[in-house]
Amino acid sequence: MRDGAGDILVALGLMFAPLSLLSFGGGNAVLADIATQSIAVHHWTSRREFADLFALSRAAPGPGSMLAALIGWQAAGIAGALVATLSFYLPGAVLVYGAARVWGRWRGSPWHAAVERGMAPIAAGLLVSGGIAVLRASPAGWPEWAAALIATVALLRWPRLHPVPLLLGGAALFLLLAVL
Amino acid sequence: MTGAERNPAPPAIGFAPLVAAFLRLGGTSFGGGTAGWLHREMVLRRGWIDEQSFFAMLALGQVMPGSNGVKMTVLIGERLHGAAGAAAALAGLLAVPFAIVLALGAVYAGYGEHPLVHAMLDGVAAAVIGLTFASGLHGLVRGAPGLAAWAIAGATVLCVGVLRWPLLPVVAGLAPLSVGLAFAAARRG
């Protein structure tokens, strides 16, 4: 039993630490990979649980996603939550700390600007892919897709719209659909 | 322009106020988009970081992996209090959300089987996915206009989102292509 728990902690670290260094454009960029690994590869969550944990992680405040904490918690309790969270945030944090120290030398060079411009569409594509991955994992089907698209249009139309009323509105709408 | 002119020395901020500020930020920044919350708090409200430095940091973050909020927290913490400031700011930012999300998880473990809980969480998830799509499209329109950028973004969505190929080879393949195209475009015009 103890060995099993230790193995899971190692597996959590080995899964989240590389993703930390791959999440260009933010934590959502690796959502597709987190979904595949948690559901299909490691069987830490069912599809239903993954969809629920994703929503829970967004109901909490904080940077991007506390999804790593919830997946780790589901897989191996509090220790799992700590290992997953630290693995997911520390490598990227150390990297950006190091980069801050050498950044001055790069600024203004033409390839630096090219890297920034070149990475932007990939980051944007990864964001959209992450949303698609969660929609596919969700058992709610087409109402979920429709509601997500309505929210997208609303946010693009009104950029200053605060997200929290939108989250509450989504919860209320689906609660109503379930009761009717 | 010298570096000193571009980046005036940050005002002296005590260590305790720094930690308190990031604890508060972690506990209140609902709905993601932590970089936006940081901008409001650090630049507009407290004036700990000037506008120009903030956006220089954000640009640096663009080419680095990780959540924007975490990257900005490390950079601001480093600027205000060095390595210890970066570590303390990050710990402060993560501590409250970590506790809240596990509390929510514990509640879910107790009531998660209830179908109405599933329905509500589906509704929350749909709204958040809308937020994600909107950010992606926003980034594409404002951060990388042009046909080549749309093609690269489309290829990324096709490979990762639709075909479900693993992230690493897709990014490793598309990144040099996309950066090369941007470089060529800059040379031409």
# chains A, B, ... in the order shown; residues from 1 in each chain; ligands from 1

$ residues_around --residues "Ser87 of chain A" --least-positions-apart "2" --cutoff "7 Å" --atoms "only C-alpha atoms" --output "MDAnalysis selection string"
chainID A and resid 13 16:17 83:85 89:91

$ select_by_dssp --residues "chain A" --states "helix (DSSP H, G or I)" --output "JSON, numbers by chain"
{"A": [2, 3, 4, 5, 6, 7, 8, 9, 10, 11, 12, 13, 14, 15, 16, 17, 18, 19, 20, 21, 22, 27, 28, 29, 30, 31, 32, 33, 34, 35, 36, 37, 38, 39, 40, 41, 47, 48, 49, 50, 51, 52, 53, 54, 55, 56, 57, 58, 59, 67, 68, 69, 70, 71, 72, 73, 74, 75, 76, 77, 78, 79, 80, 81, 82, 83, 84, 85, 86, 87, 88, 89, 90, 91, 92, 93, 94, 95, 96, 97, 98, 99, 100, 101, 102, 103, 104, 105, 106, 110, 111, 112, 113, 114, 115, 116, 117, 118, 119, 120, 121, 122, 123, 124, 125, 126, 127, 128, 129, 130, 131, 132, 133, 134, 135, 136, 137, 142, 143, 144, 145, 146, 147, 148, 149, 150, 151, 152, 153, 154, 155, 156, 157, 163, 164, 165, 166, 167, 168, 169, 170, 171, 172, 173, 174, 175, 176, 177, 178, 179]}

$ residues_around --residues "Leu167 of chain A" --least-positions-apart "6" --cutoff "7 Å" --atoms "only C-alpha atoms" --output "tab-separated table (two decimals) with C-alpha atoms, in the first residue's frame"
chain	number	residue	atom	x	y	z
B	124	VAL	CA	-19.66	26.45	-14.76
B	127	ALA	CA	-18.76	29.35	-19.11
B	128	VAL	CA	-15.06	28.79	-18.35

$ residues_around --residues "Ala20 of chain B" --least-positions-apart "6" --cutoff "12 Å" --atoms "only C-alpha atoms" --output "VMD selection string"
chain B and resid 13 to 14 26 to 27 85 88 to 93 95 to 96

$ write_last_selection --atoms "N, CA and C atoms" --output "short mmCIF file (atom, residue, chain, number, x, y, z; two decimals), in the first residue's frame"
data_model
loop_
_atom_site.label_atom_id
_atom_site.label_comp_id
_atom_site.auth_asym_id
_atom_site.auth_seq_id
_atom_site.Cartn_x
_atom_site.Cartn_y
_atom_site.Cartn_z
N ILE B 13 9.39 48.21 -0.67
CA ILE B 13 8.19 47.57 -0.14
C ILE B 13 8.64 46.58 0.91
N GLY B 14 8.01 46.62 2.10
CA GLY B 14 8.37 45.66 3.13
C GLY B 14 8.04 44.25 2.71
N GLY B 26 -4.28 36.05 -4.41
CA GLY B 26 -4.60 34.65 -4.63
C GLY B 26 -6.02 34.33 -4.21
N GLY B 27 -6.47 34.98 -3.13
CA GLY B 27 -7.78 34.67 -2.59
C GLY B 27 -8.94 35.37 -3.30
N GLY B 85 11.81 37.34 -2.50
CA GLY B 85 10.55 37.97 -2.85
C GLY B 85 9.78 37.14 -3.87
N ALA B 88 8.41 34.03 -2.01
CA ALA B 88 7.33 34.38 -1.07
C ALA B 88 6.07 34.79 -1.83
N ALA B 89 6.24 35.55 -2.91
CA ALA B 89 5.08 35.99 -3.68
C ALA B 89 4.35 34.79 -4.28
N LEU B 90 5.13 33.84 -4.81
CA LEU B 90 4.52 32.66 -5.43
C LEU B 90 3.78 31.82 -4.39
N ALA B 91 4.44 31.61 -3.24
CA ALA B 91 3.79 30.84 -2.17
C ALA B 91 2.51 31.54 -1.73
N GLY B 92 2.57 32.88 -1.61
CA GLY B 92 1.40 33.64 -1.22
C GLY B 92 0.26 33.50 -2.22
N LEU B 93 0.61 33.56 -3.51
CA LEU B 93 -0.40 33.49 -4.56
C LEU B 93 -1.11 32.13 -4.56
N ALA B 95 -1.22 29.72 -1.99
CA ALA B 95 -1.68 29.12 -0.73
C ALA B 95 -3.19 29.12 -0.58
N VAL B 96 -3.83 30.28 -0.78
CA VAL B 96 -5.27 30.38 -0.54
C VAL B 96 -6.08 29.57 -1.57
#

$ atom_distance --atom1 "atom CA of Thr73 of chain B" --atom2 "atom CA of Ala154 of chain A"
29.1 Å

$ residues_around --residues "Thr45 of chain A" --least-positions-apart "6" --cutoff "12 Å" --atoms "only C-alpha atoms" --output "PDB file with N, CA and C atoms, in the first residue's frame"
ATOM      1  N   ILE A  34      -3.431  16.920 -19.974  1.00  0.00           N
ATOM      2  CA  ILE A  34      -3.824  16.550 -18.612  1.00  0.00           C
ATOM      3  C   ILE A  34      -5.046  15.632 -18.663  1.00  0.00           C
ATOM      4  N   ALA A  35      -5.992  15.956 -19.538  1.00  0.00           N
ATOM      5  CA  ALA A  35      -7.203  15.137 -19.661  1.00  0.00           C
ATOM      6  C   ALA A  35      -6.853  13.725 -20.115  1.00  0.00           C
ATOM      7  N   THR A  36      -6.060  13.611 -21.179  1.00  0.00           N
ATOM      8  CA  THR A  36      -5.695  12.291 -21.702  1.00  0.00           C
ATOM      9  C   THR A  36      -4.980  11.453 -20.645  1.00  0.00           C
ATOM     10  N   GLN A  37      -3.996  12.068 -19.975  1.00  0.00           N
ATOM     11  CA  GLN A  37      -3.185  11.306 -19.019  1.00  0.00           C
ATOM     12  C   GLN A  37      -3.988  10.915 -17.787  1.00  0.00           C
ATOM     13  N   SER A  38      -4.826  11.840 -17.266  1.00  0.00           N
ATOM     14  CA  SER A  38      -5.571  11.536 -16.042  1.00  0.00           C
ATOM     15  C   SER A  38      -6.647  10.490 -16.295  1.00  0.00           C
ATOM     16  N   ILE A  39      -7.279  10.550 -17.471  1.00  0.00           N
ATOM     17  CA  ILE A  39      -8.414   9.664 -17.745  1.00  0.00           C
ATOM     18  C   ILE A  39      -7.943   8.348 -18.358  1.00  0.00           C
ATOM     19  N   ALA A  51     -14.458  16.119 -15.717  1.00  0.00           N
ATOM     20  CA  ALA A  51     -15.272  17.292 -16.054  1.00  0.00           C
ATOM     21  C   ALA A  51     -15.661  18.057 -14.788  1.00  0.00           C
ATOM     22  N   ASP A  52     -16.022  17.323 -13.733  1.00  0.00           N
ATOM     23  CA  ASP A  52     -16.404  17.978 -12.474  1.00  0.00           C
ATOM     24  C   ASP A  52     -15.214  18.680 -11.823  1.00  0.00           C
ATOM     25  N   LEU A  53     -14.057  18.003 -11.788  1.00  0.00           N
ATOM     26  CA  LEU A  53     -12.867  18.592 -11.154  1.00  0.00           C
ATOM     27  C   LEU A  53     -12.432  19.847 -11.913  1.00  0.00           C
ATOM     28  N   PHE A  54     -12.552  19.793 -13.248  1.00  0.00           N
ATOM     29  CA  PHE A  54     -12.214  20.976 -14.046  1.00  0.00           C
ATOM     30  C   PHE A  54     -13.082  22.161 -13.619  1.00  0.00           C
ATOM     31  N   LEU A  70      -6.340  19.229  -7.689  1.00  0.00           N
ATOM     32  CA  LEU A  70      -7.495  18.334  -7.574  1.00  0.00           C
ATOM     33  C   LEU A  70      -7.199  16.952  -8.154  1.00  0.00           C
ATOM     34  N   ILE A  71      -6.493  16.891  -9.277  1.00  0.00           N
ATOM     35  CA  ILE A  71      -6.127  15.596  -9.864  1.00  0.00           C
ATOM     36  C   ILE A  71      -5.211  14.850  -8.881  1.00  0.00           C
ATOM     37  N   GLY A  72      -4.223  15.585  -8.320  1.00  0.00           N
ATOM     38  CA  GLY A  72      -3.303  14.971  -7.366  1.00  0.00           C
ATOM     39  C   GLY A  72      -4.030  14.474  -6.130  1.00  0.00           C
ATOM     40  N   TRP A  73      -5.002  15.265  -5.667  1.00  0.00           N
ATOM     41  CA  TRP A  73      -5.788  14.926  -4.488  1.00  0.00           C
ATOM     42  C   TRP A  73      -6.623  13.674  -4.753  1.00  0.00           C
ATOM     43  N   GLN A  74      -7.227  13.623  -5.929  1.00  0.00           N
ATOM     44  CA  GLN A  74      -8.035  12.463  -6.321  1.00  0.00           C
ATOM     45  C   GLN A  74      -7.165  11.206  -6.412  1.00  0.00           C
ATOM     46  N   ALA A  75      -5.927  11.373  -6.890  1.00  0.00           N
ATOM     47  CA  ALA A  75      -5.048  10.213  -7.106  1.00  0.00           C
ATOM     48  C   ALA A  75      -4.394   9.752  -5.810  1.00  0.00           C
ATOM     49  N   ALA A  76      -4.001  10.685  -4.920  1.00  0.00           N
ATOM     50  CA  ALA A  76      -3.195  10.290  -3.762  1.00  0.00           C
ATOM     51  C   ALA A  76      -3.368  11.221  -2.564  1.00  0.00           C
ATOM     52  N   ALA A 137     -14.442  15.689 -23.113  1.00  0.00           N
ATOM     53  CA  ALA A 137     -14.451  14.842 -21.916  1.00  0.00           C
ATOM     54  C   ALA A 137     -15.790  14.943 -21.202  1.00  0.00           C
TER      55      ALA A 137
END

$ closest_residue --among "B:Ala12, B:Ala172, B:Ala182, B:Val141" --to "chain A" --atoms "only C-alpha atoms"
B:Ala182

$ residues_around --residues "Met120 of chain B" --least-positions-apart "3" --cutoff "8 Å" --atoms "only C-alpha atoms" --output "PyMOL selection string"
(chain A and resi 170-175) or (chain B and resi 116-117+123-124)

$ residues_around --residues "segment 129-132 of chain A" --least-positions-apart "5" --cutoff "7 Å" --atoms "only C-alpha atoms" --output "list in words"
Asn28, Ala29, Val30, Leu31 and Ala32 of chain A; Ile129, Thr132, Phe133, Val157, Val160 and Gly161 of chain B

$ atom_distance --atom1 "atom CA of Leu147 of chain B" --atom2 "atom CA of Leu22 of chain A"
25.1 Å

$ atom_distance --atom1 "atom CA of Ile122 of chain A" --atom2 "atom CA of Ala151 of chain B"
9.8 Å
